[in-house]
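Read the structure below first, then the notes.
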Amino acid sequence: MLSQAPPVALSPVIAKGVAFLRTELPKFRNGDATRALLEAGARGYDLGPSLDETLNFLKQPATWDQYKAPSGFDDKRLLRLQFASALAAAERHGKAASTDLEAAAKLLVADQAADGSWTLDQSQSLGSPATYGAILATWSARTSLIASGMQPDNFTIVQADRWLRGLTVDTVYDASTLLLALDLTGDVMADGLRRTALSIVRTGQTENGGWGPEATAPPQVFDTAIAVLALSALNVEPRIARSTFRPEELLAAIARGKAFIESQQRPDGSWPETTRPAGQDSYAQRISTTGWALLALLAK
């Protein structure tokens with residue numbers, strides 16, 4: 001008789017966050033939350049029917065612009081980025097067809113700026129769950145386009161890569177998002193930018209393990225989640241981060257970041273939104289921040 005594999009241990013913090021999004025996602029079709037639930041479902045967390053309506057909606061990119069999002073998420077370009085990213089995740093997990101993603105890719109290509117980036121709210125110097133910022137937006141679009149089958153030598157991707165390699169970053173948030181966007185690429189320009197970004201991220205980690213948008217700012221969940229995701233992506237190939245982190249230091253930084261995120265969870269299972277834009281207490285941002293927090297905690 002074959003012995004059964006032991007059940008995967010589920011985190012009560014993640015389970016609580018999943019339960020929150022299961023309830024809220026049907027009220028607000030949020031791409032960040034959708035990606036988080038798809039990843040959680042693949043790890044054994046119970047999603048129930050919470051994704052059904054959203055997935056049906058995502059498979060019809062032609063209808064995306066008709067969606068009326070809550071206040072704070074009314075930029076159609078941001079919604080297209082989020083929906084395309086969620087659809088790419090659905091396709092990766094066998095919940096959508098590649099043809100659906102190809103239709104979404106056409107919308108993203110049309111939104112690319114002349115300089116090769118995807119720039120959203122230019123009035124915000126730092127991105128947030130409701131504005132992303134140009135680097136995170138460009139990473140999101142590029143990732144979805146590659147998932148759709150677009151090749152790295154396609155003009156759209158080449159333009160995005162050229163724009164990314166021309167950046168100068170000095171904030172923790174921009175450094176983290178640039179690390180995500182560069183991924184594991186190993187050309188000379190990417191290596192130089194990565195070393196600078198890694199140094200900023202390492203210096204910016206606070207005593208309690210979190211990161212703020214800038215080195216002198218208090219830590220926030222959204223910024224910490226982005227940093228954790230960026231470092232976790234590099235942990236697949238730790239030698240790429242060796243200029244700044246020894247392998248054990250990289251793991252420790254990730255673990256401390258995750259511990260900070262866990263410590264900030266609210267009783268209802270959500271995580272607090274960022275303090276930017278200033279003075280905005282946004283339900284929509286809270287849903288998106290919770291999605292990013294879960295993605296960070298689920299990162300290997």
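Simple scheme: letters A, B, ... for chains in structure tokens order, numbers from 1 for residues in each chain, numbers from 1 for ligands in the order shown.
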Which of region 99-291 of chain A counts as alpha helix (DSSP H) under DSSP, as number ranges by chain please?
A: 99-111, 134-147, 155-165, 172-182, 188-204, 221-234, 247-263, 283-291
Kindly assemble as a tab-separated table a list of the region 94-128 of chain A residues that lie within 12 Å of region 31-52 of chain A, each paired with its nearest atom pair and their distance in Å to one decimal, using only C-alpha atoms, sorted first by chain and then by ascending residue number.
residue	atom	partner	partner_atom	distance
A:Gly94	CA	A:Leu38	CA	10.1
A:Lys95	CA	A:Leu38	CA	9.0
A:Ala96	CA	A:Asp52	CA	11.4
Residues within 12 Å of Ala113 (chain A), only C-alpha atoms, excluding chain neighbours under 3 positions, as a list in words:
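The contact residues come out as Arg77, Leu108, Val109, Ala110, Gly116, Ser117, Trp118, Thr119, Leu120, Ala134, Ala137, Thr138, Ala141, Thr156, Gln159, Ala160 and Trp163 of chain A.
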Could you work out how far CA of Gly291 (chain A) lies from CA of Arg256 (chain A), giving the answer in Å with one decimal?
19.0 Å
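Across the model, the gap from CA of Val158 (chain A) to CA of Asp65 (chain A) is 27.1 Å.
Atom pair CA of Val221 (chain A) / CA of Trp292 (chain A) has a distance of 8.5 Å (rounded to one decimal).
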List as a list in words the protein and nucleic acid residues near region 241-244 of chain A, meaning an atom at most 7 Å away when only C-alpha atoms are counted, but skip any in the same chain fewer than 5 places from it.
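Contacts, with the query itself left out: Arg195, Leu198, Ser199 and Leu234 of chain A.
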Write a file of the just-selected residues containing N, CA and C atoms, as a compact mmCIF listing (two decimals), in the first residue's frame.
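What landed in out04.txt:
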# COMPACT_ATOMS: atom_id res chain seq x y z
N ARG A 195 22.90 46.21 -9.14
CA ARG A 195 23.77 46.45 -7.98
C ARG A 195 23.34 47.71 -7.22
N LEU A 198 19.93 47.01 -5.49
CA LEU A 198 20.09 46.11 -4.33
C LEU A 198 20.67 46.85 -3.14
N SER A 199 21.63 47.72 -3.39
CA SER A 199 22.22 48.49 -2.31
C SER A 199 21.19 49.39 -1.63
N LEU A 234 14.97 37.10 -7.04
CA LEU A 234 16.42 36.92 -7.15
C LEU A 234 16.90 35.69 -6.40
